[in-house]
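Engineer: So here's run.txt (compact mmCIF, N, CA and C atoms).
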```txt
# COMPACT_ATOMS: atom_id res chain seq x y z
N MET A 2 -239.29 13.16 148.79
CA MET A 2 -238.64 14.28 148.15
C MET A 2 -237.68 13.76 147.09
N SER A 3 -237.70 14.38 145.94
CA SER A 3 -236.82 14.00 144.84
C SER A 3 -235.38 14.41 145.16
N GLU A 4 -234.43 13.65 144.66
CA GLU A 4 -233.01 13.92 144.90
C GLU A 4 -232.56 15.26 144.35
N ASP A 5 -233.20 15.75 143.30
CA ASP A 5 -232.73 16.99 142.68
C ASP A 5 -233.40 18.23 143.25
N ARG A 6 -234.32 18.07 144.18
CA ARG A 6 -234.95 19.22 144.84
C ARG A 6 -234.11 19.67 146.01
N LEU A 7 -234.23 20.94 146.33
CA LEU A 7 -233.51 21.49 147.48
C LEU A 7 -234.23 21.13 148.77
N PRO A 8 -233.49 20.96 149.86
CA PRO A 8 -234.14 20.69 151.14
C PRO A 8 -234.96 21.90 151.60
N GLU A 9 -236.01 21.62 152.29
CA GLU A 9 -236.96 22.66 152.71
C GLU A 9 -236.32 23.75 153.56
N PHE A 10 -235.31 23.42 154.34
CA PHE A 10 -234.71 24.43 155.21
C PHE A 10 -234.01 25.55 154.43
N LEU A 11 -233.79 25.36 153.13
CA LEU A 11 -233.18 26.39 152.29
C LEU A 11 -234.20 27.36 151.69
N ARG A 12 -235.46 27.08 151.84
CA ARG A 12 -236.52 27.91 151.24
C ARG A 12 -236.37 29.41 151.53
N PRO A 13 -236.06 29.83 152.76
CA PRO A 13 -235.96 31.27 153.02
C PRO A 13 -234.87 31.98 152.21
N LEU A 14 -233.88 31.24 151.74
CA LEU A 14 -232.81 31.86 150.95
C LEU A 14 -233.24 32.17 149.53
N PHE A 15 -234.32 31.57 149.09
CA PHE A 15 -234.78 31.70 147.71
C PHE A 15 -236.17 32.30 147.65
N TRP A 16 -236.37 33.37 148.41
CA TRP A 16 -237.67 34.02 148.51
C TRP A 16 -238.13 34.62 147.19
N ASP A 17 -237.21 34.92 146.29
CA ASP A 17 -237.55 35.65 145.07
C ASP A 17 -237.79 34.76 143.85
N VAL A 18 -237.72 33.45 144.03
CA VAL A 18 -237.96 32.51 142.93
C VAL A 18 -238.98 31.47 143.38
N ASP A 19 -239.50 30.72 142.44
CA ASP A 19 -240.42 29.63 142.77
C ASP A 19 -239.60 28.46 143.29
N PHE A 20 -239.49 28.38 144.60
CA PHE A 20 -238.65 27.38 145.24
C PHE A 20 -239.02 25.96 144.82
N ASP A 21 -240.30 25.68 144.66
CA ASP A 21 -240.75 24.32 144.33
C ASP A 21 -240.31 23.89 142.93
N ARG A 22 -239.99 24.84 142.08
CA ARG A 22 -239.54 24.51 140.72
C ARG A 22 -238.01 24.54 140.58
N LEU A 23 -237.33 25.00 141.60
CA LEU A 23 -235.87 25.10 141.58
C LEU A 23 -235.27 23.70 141.75
N ARG A 24 -234.40 23.34 140.83
CA ARG A 24 -233.77 22.02 140.86
C ARG A 24 -232.26 22.17 140.82
N ILE A 25 -231.57 21.21 141.38
CA ILE A 25 -230.12 21.25 141.43
C ILE A 25 -229.52 21.16 140.02
N PRO A 26 -229.86 20.18 139.21
CA PRO A 26 -229.25 20.17 137.87
C PRO A 26 -229.68 21.40 137.08
N GLY A 27 -228.68 22.11 136.59
CA GLY A 27 -228.95 23.28 135.78
C GLY A 27 -228.91 24.59 136.54
N HIS A 28 -228.98 24.54 137.86
CA HIS A 28 -228.97 25.77 138.67
C HIS A 28 -227.88 25.75 139.74
N GLU A 29 -226.88 24.93 139.53
CA GLU A 29 -225.86 24.75 140.56
C GLU A 29 -225.21 26.07 140.98
N ARG A 30 -224.72 26.83 140.00
CA ARG A 30 -224.00 28.05 140.37
C ARG A 30 -224.91 29.04 141.09
N TYR A 31 -226.14 29.19 140.63
CA TYR A 31 -227.08 30.09 141.29
C TYR A 31 -227.31 29.67 142.74
N ILE A 32 -227.50 28.39 142.95
CA ILE A 32 -227.75 27.86 144.30
C ILE A 32 -226.52 28.09 145.19
N ILE A 33 -225.34 27.78 144.67
CA ILE A 33 -224.11 27.97 145.44
C ILE A 33 -223.92 29.44 145.79
N GLU A 34 -224.11 30.34 144.82
CA GLU A 34 -223.95 31.77 145.08
C GLU A 34 -224.87 32.24 146.18
N ARG A 35 -226.12 31.84 146.11
CA ARG A 35 -227.10 32.28 147.10
C ARG A 35 -226.76 31.75 148.48
N ILE A 36 -226.34 30.49 148.56
CA ILE A 36 -225.99 29.90 149.86
C ILE A 36 -224.74 30.56 150.44
N LEU A 37 -223.72 30.77 149.61
CA LEU A 37 -222.49 31.40 150.12
C LEU A 37 -222.76 32.82 150.59
N GLU A 38 -223.62 33.53 149.89
CA GLU A 38 -223.89 34.92 150.22
C GLU A 38 -224.84 35.07 151.42
N LEU A 39 -225.87 34.24 151.51
CA LEU A 39 -226.92 34.44 152.50
C LEU A 39 -227.11 33.30 153.50
N GLY A 40 -226.49 32.17 153.23
CA GLY A 40 -226.76 30.98 154.03
C GLY A 40 -226.10 30.97 155.40
N ASP A 41 -226.68 30.19 156.28
CA ASP A 41 -226.10 29.98 157.60
C ASP A 41 -225.17 28.77 157.55
N ASP A 42 -224.67 28.36 158.71
CA ASP A 42 -223.73 27.25 158.78
C ASP A 42 -224.33 25.96 158.21
N ALA A 43 -225.58 25.68 158.52
CA ALA A 43 -226.22 24.46 158.02
C ALA A 43 -226.34 24.48 156.50
N ALA A 44 -226.67 25.62 155.93
CA ALA A 44 -226.80 25.73 154.48
C ALA A 44 -225.45 25.55 153.80
N VAL A 45 -224.42 26.16 154.37
CA VAL A 45 -223.08 26.04 153.78
C VAL A 45 -222.59 24.60 153.88
N ARG A 46 -222.84 23.94 155.00
CA ARG A 46 -222.44 22.54 155.14
C ARG A 46 -223.17 21.66 154.13
N TRP A 47 -224.45 21.93 153.90
CA TRP A 47 -225.22 21.18 152.90
C TRP A 47 -224.60 21.39 151.51
N ALA A 48 -224.29 22.64 151.17
CA ALA A 48 -223.69 22.95 149.86
C ALA A 48 -222.34 22.24 149.71
N TRP A 49 -221.55 22.23 150.75
CA TRP A 49 -220.23 21.59 150.71
C TRP A 49 -220.38 20.10 150.42
N ARG A 50 -221.33 19.44 151.12
CA ARG A 50 -221.57 18.00 150.90
C ARG A 50 -222.17 17.74 149.52
N THR A 51 -223.06 18.61 149.08
CA THR A 51 -223.79 18.39 147.84
C THR A 51 -222.95 18.69 146.61
N PHE A 52 -222.24 19.81 146.62
CA PHE A 52 -221.52 20.26 145.43
C PHE A 52 -220.03 20.02 145.48
N GLY A 53 -219.46 19.94 146.67
CA GLY A 53 -218.03 19.72 146.83
C GLY A 53 -217.22 20.99 146.65
N PRO A 54 -215.99 20.97 147.17
CA PRO A 54 -215.15 22.18 147.13
C PRO A 54 -214.79 22.62 145.71
N GLU A 55 -214.65 21.69 144.77
CA GLU A 55 -214.28 22.07 143.41
C GLU A 55 -215.37 22.91 142.75
N ASN A 56 -216.63 22.48 142.88
CA ASN A 56 -217.74 23.23 142.28
C ASN A 56 -217.96 24.56 142.99
N ILE A 57 -217.75 24.59 144.29
CA ILE A 57 -217.88 25.85 145.02
C ILE A 57 -216.79 26.82 144.58
N ALA A 58 -215.56 26.33 144.44
CA ALA A 58 -214.46 27.18 143.98
C ALA A 58 -214.74 27.72 142.57
N GLN A 59 -215.26 26.88 141.71
CA GLN A 59 -215.59 27.32 140.35
C GLN A 59 -216.67 28.42 140.38
N ALA A 60 -217.67 28.25 141.23
CA ALA A 60 -218.72 29.27 141.35
C ALA A 60 -218.14 30.58 141.87
N VAL A 61 -217.25 30.52 142.85
CA VAL A 61 -216.63 31.73 143.39
C VAL A 61 -215.81 32.43 142.31
N ARG A 62 -215.06 31.67 141.54
CA ARG A 62 -214.25 32.26 140.47
C ARG A 62 -215.10 32.98 139.42
N ARG A 63 -216.21 32.39 139.05
CA ARG A 63 -217.01 32.90 137.93
C ARG A 63 -218.11 33.87 138.31
N SER A 64 -218.45 33.93 139.57
CA SER A 64 -219.63 34.69 139.99
C SER A 64 -219.43 36.20 139.92
N ARG A 65 -220.48 36.86 139.47
CA ARG A 65 -220.57 38.31 139.55
C ARG A 65 -221.62 38.69 140.59
N ALA A 66 -222.25 37.68 141.19
CA ALA A 66 -223.36 37.92 142.11
C ALA A 66 -222.94 37.94 143.58
N ILE A 67 -221.79 37.39 143.89
CA ILE A 67 -221.38 37.39 145.29
C ILE A 67 -220.63 38.68 145.61
N SER A 68 -220.68 39.07 146.86
CA SER A 68 -220.03 40.30 147.29
C SER A 68 -218.52 40.10 147.40
N PRO A 69 -217.76 41.18 147.35
CA PRO A 69 -216.32 41.06 147.56
C PRO A 69 -215.97 40.43 148.92
N ASN A 70 -216.74 40.72 149.95
CA ASN A 70 -216.48 40.12 151.26
C ASN A 70 -216.64 38.60 151.21
N THR A 71 -217.70 38.14 150.57
CA THR A 71 -217.92 36.70 150.44
C THR A 71 -216.82 36.07 149.60
N ALA A 72 -216.47 36.72 148.51
CA ALA A 72 -215.41 36.20 147.63
C ALA A 72 -214.07 36.12 148.38
N THR A 73 -213.77 37.13 149.19
CA THR A 73 -212.53 37.13 149.96
C THR A 73 -212.50 35.96 150.94
N LEU A 74 -213.59 35.77 151.68
CA LEU A 74 -213.67 34.65 152.62
C LEU A 74 -213.42 33.32 151.92
N TRP A 75 -214.13 33.07 150.82
CA TRP A 75 -214.01 31.79 150.15
C TRP A 75 -212.70 31.64 149.41
N SER A 76 -212.09 32.74 149.00
CA SER A 76 -210.77 32.63 148.38
C SER A 76 -209.75 32.16 149.42
N LEU A 77 -209.90 32.62 150.65
CA LEU A 77 -209.01 32.18 151.73
C LEU A 77 -209.27 30.73 152.12
N ILE A 78 -210.53 30.36 152.22
CA ILE A 78 -210.88 28.99 152.60
C ILE A 78 -210.41 27.99 151.54
N LEU A 79 -210.62 28.33 150.27
CA LEU A 79 -210.35 27.40 149.19
C LEU A 79 -209.01 27.62 148.49
N GLY A 80 -208.26 28.64 148.92
CA GLY A 80 -206.95 28.90 148.32
C GLY A 80 -207.04 29.38 146.87
N ILE A 81 -208.04 30.19 146.57
CA ILE A 81 -208.22 30.71 145.21
C ILE A 81 -207.48 32.04 145.12
N PRO A 82 -206.60 32.19 144.12
CA PRO A 82 -205.94 33.49 143.96
C PRO A 82 -206.97 34.59 143.66
N ARG A 83 -206.83 35.69 144.32
CA ARG A 83 -207.78 36.80 144.17
C ARG A 83 -207.89 37.27 142.72
N ARG A 84 -206.80 37.24 141.99
CA ARG A 84 -206.81 37.71 140.60
C ARG A 84 -207.66 36.82 139.68
N SER A 85 -207.98 35.61 140.13
CA SER A 85 -208.78 34.71 139.30
C SER A 85 -210.27 34.76 139.61
N ILE A 86 -210.67 35.69 140.49
CA ILE A 86 -212.08 35.80 140.88
C ILE A 86 -212.71 36.96 140.12
N ARG A 87 -213.75 36.66 139.39
CA ARG A 87 -214.39 37.63 138.49
C ARG A 87 -214.91 38.88 139.20
N CYS A 88 -215.46 38.75 140.38
CA CYS A 88 -216.04 39.93 141.03
C CYS A 88 -214.98 40.95 141.45
N PHE A 89 -213.70 40.56 141.43
CA PHE A 89 -212.63 41.50 141.74
C PHE A 89 -212.05 42.17 140.50
N SER A 90 -212.44 41.71 139.32
CA SER A 90 -211.88 42.31 138.12
C SER A 90 -212.42 43.73 137.96
N LYS A 91 -211.62 44.57 137.36
CA LYS A 91 -211.97 45.98 137.22
C LYS A 91 -213.29 46.15 136.48
N ARG A 92 -213.55 45.31 135.53
CA ARG A 92 -214.77 45.39 134.73
C ARG A 92 -216.04 45.22 135.55
N PHE A 93 -215.98 44.39 136.58
CA PHE A 93 -217.18 44.08 137.36
C PHE A 93 -217.24 44.78 138.71
N ARG A 94 -216.17 45.44 139.10
CA ARG A 94 -216.13 46.08 140.41
C ARG A 94 -217.05 47.30 140.45
N ILE A 95 -217.76 47.45 141.53
CA ILE A 95 -218.61 48.62 141.75
C ILE A 95 -217.83 49.58 142.65
N THR A 96 -217.62 50.77 142.18
CA THR A 96 -216.92 51.74 143.01
C THR A 96 -217.92 52.54 143.82
N PHE A 97 -217.58 52.76 145.02
CA PHE A 97 -218.45 53.50 145.93
C PHE A 97 -218.01 54.96 145.98
N ASN A 98 -218.93 55.84 145.65
CA ASN A 98 -218.65 57.26 145.70
C ASN A 98 -219.78 57.92 146.47
N PRO A 99 -219.53 58.32 147.72
CA PRO A 99 -220.61 58.87 148.54
C PRO A 99 -221.05 60.27 148.13
N PHE A 100 -220.35 60.89 147.21
CA PHE A 100 -220.71 62.27 146.81
C PHE A 100 -221.37 62.30 145.48
```
What would the structure in this file look like if it were written as structure tokens?

Structural biologist:
Amino acid sequence: MSEDRLPEFLRPLFWDVDFDRLRIPGHERYIIERILELGDDAAVRWAWRTFGPENIAQAVRRSRAISPNTATLWSLILGIPRRSIRCFSKRFRITFNPF
């Protein structure tokens, strides 16, 4: 297996893309977002070892793809101020109106 390919155990997280063509260089933020949002403990541990806390924090800050719940968890873990996370900005927030 090439160093830039994802481990096979992550395949279920990327059901909507061609997993065999997905590479770490160039897709870091996408991979981190998907793992933080949908991954289990093993996937998150792999991401932590592979990308490190700095890259994960950067992805959390810039992402519009992660949920507010995921962003809140990682802001607490990594000490990221909530105001610096893009998914919490008024521009990107989705308001829920049941009526």

Engineer: In terms of the shortest atom-to-atom distance over only C-alpha atoms, which of A:Ala44, A:Arg24, A:Glu55, A:Leu37 is closest to A:Pro69?

Structural biologist: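 So, comparing all the options, the nearest one is A:Leu37.
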
Engineer: Atom C of A:Leu14 and atom C of A:Arg35 are how many Å apart?

Structural biologist: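 Going from atom C of A:Leu14 over to atom C of A:Arg35 covers 6.6 Å.
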
Engineer: For a quick check of understanding, using all atoms listed in the file, which of A:Arg6, A:Asp42, A:Ala48, A:Phe89 has the smallest distance to A:Leu23?

Structural biologist: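 Of the candidates, the smallest distance to A:Leu23 is held by A:Arg6.
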
Engineer: Work out how far atom CA of A:Ile57 is from atom CA of A:Asp21, in Å to one decimal.

Structural biologist: 22.9 Å

Engineer: What residues in chain A get the DSSP label helix (DSSP H, G or I)? Please answer as a PyMOL selection string.

Structural biologist: chain A and resi 9-15+20-22+29-39+42-63+69-79+83-85+87-89

Engineer: Figure out the distance between atom CA of A:Ile32 and atom CA of A:Thr73, please, to one decimal in Å.

Structural biologist: 18.7 Å

Engineer: Smallest atom-to-atom distance to A:Ser64: which of A:Leu77, A:Ile86, A:Val18, A:Leu39, using all atoms listed in the file?

Structural biologist: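 Closest candidate: A:Ile86.
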
Engineer: Nearest residue to A:Glu34 out of A:Trp75, A:Arg22, A:Trp49, A:Ile67, using all atoms listed in the file?

Structural biologist: A:Ile67
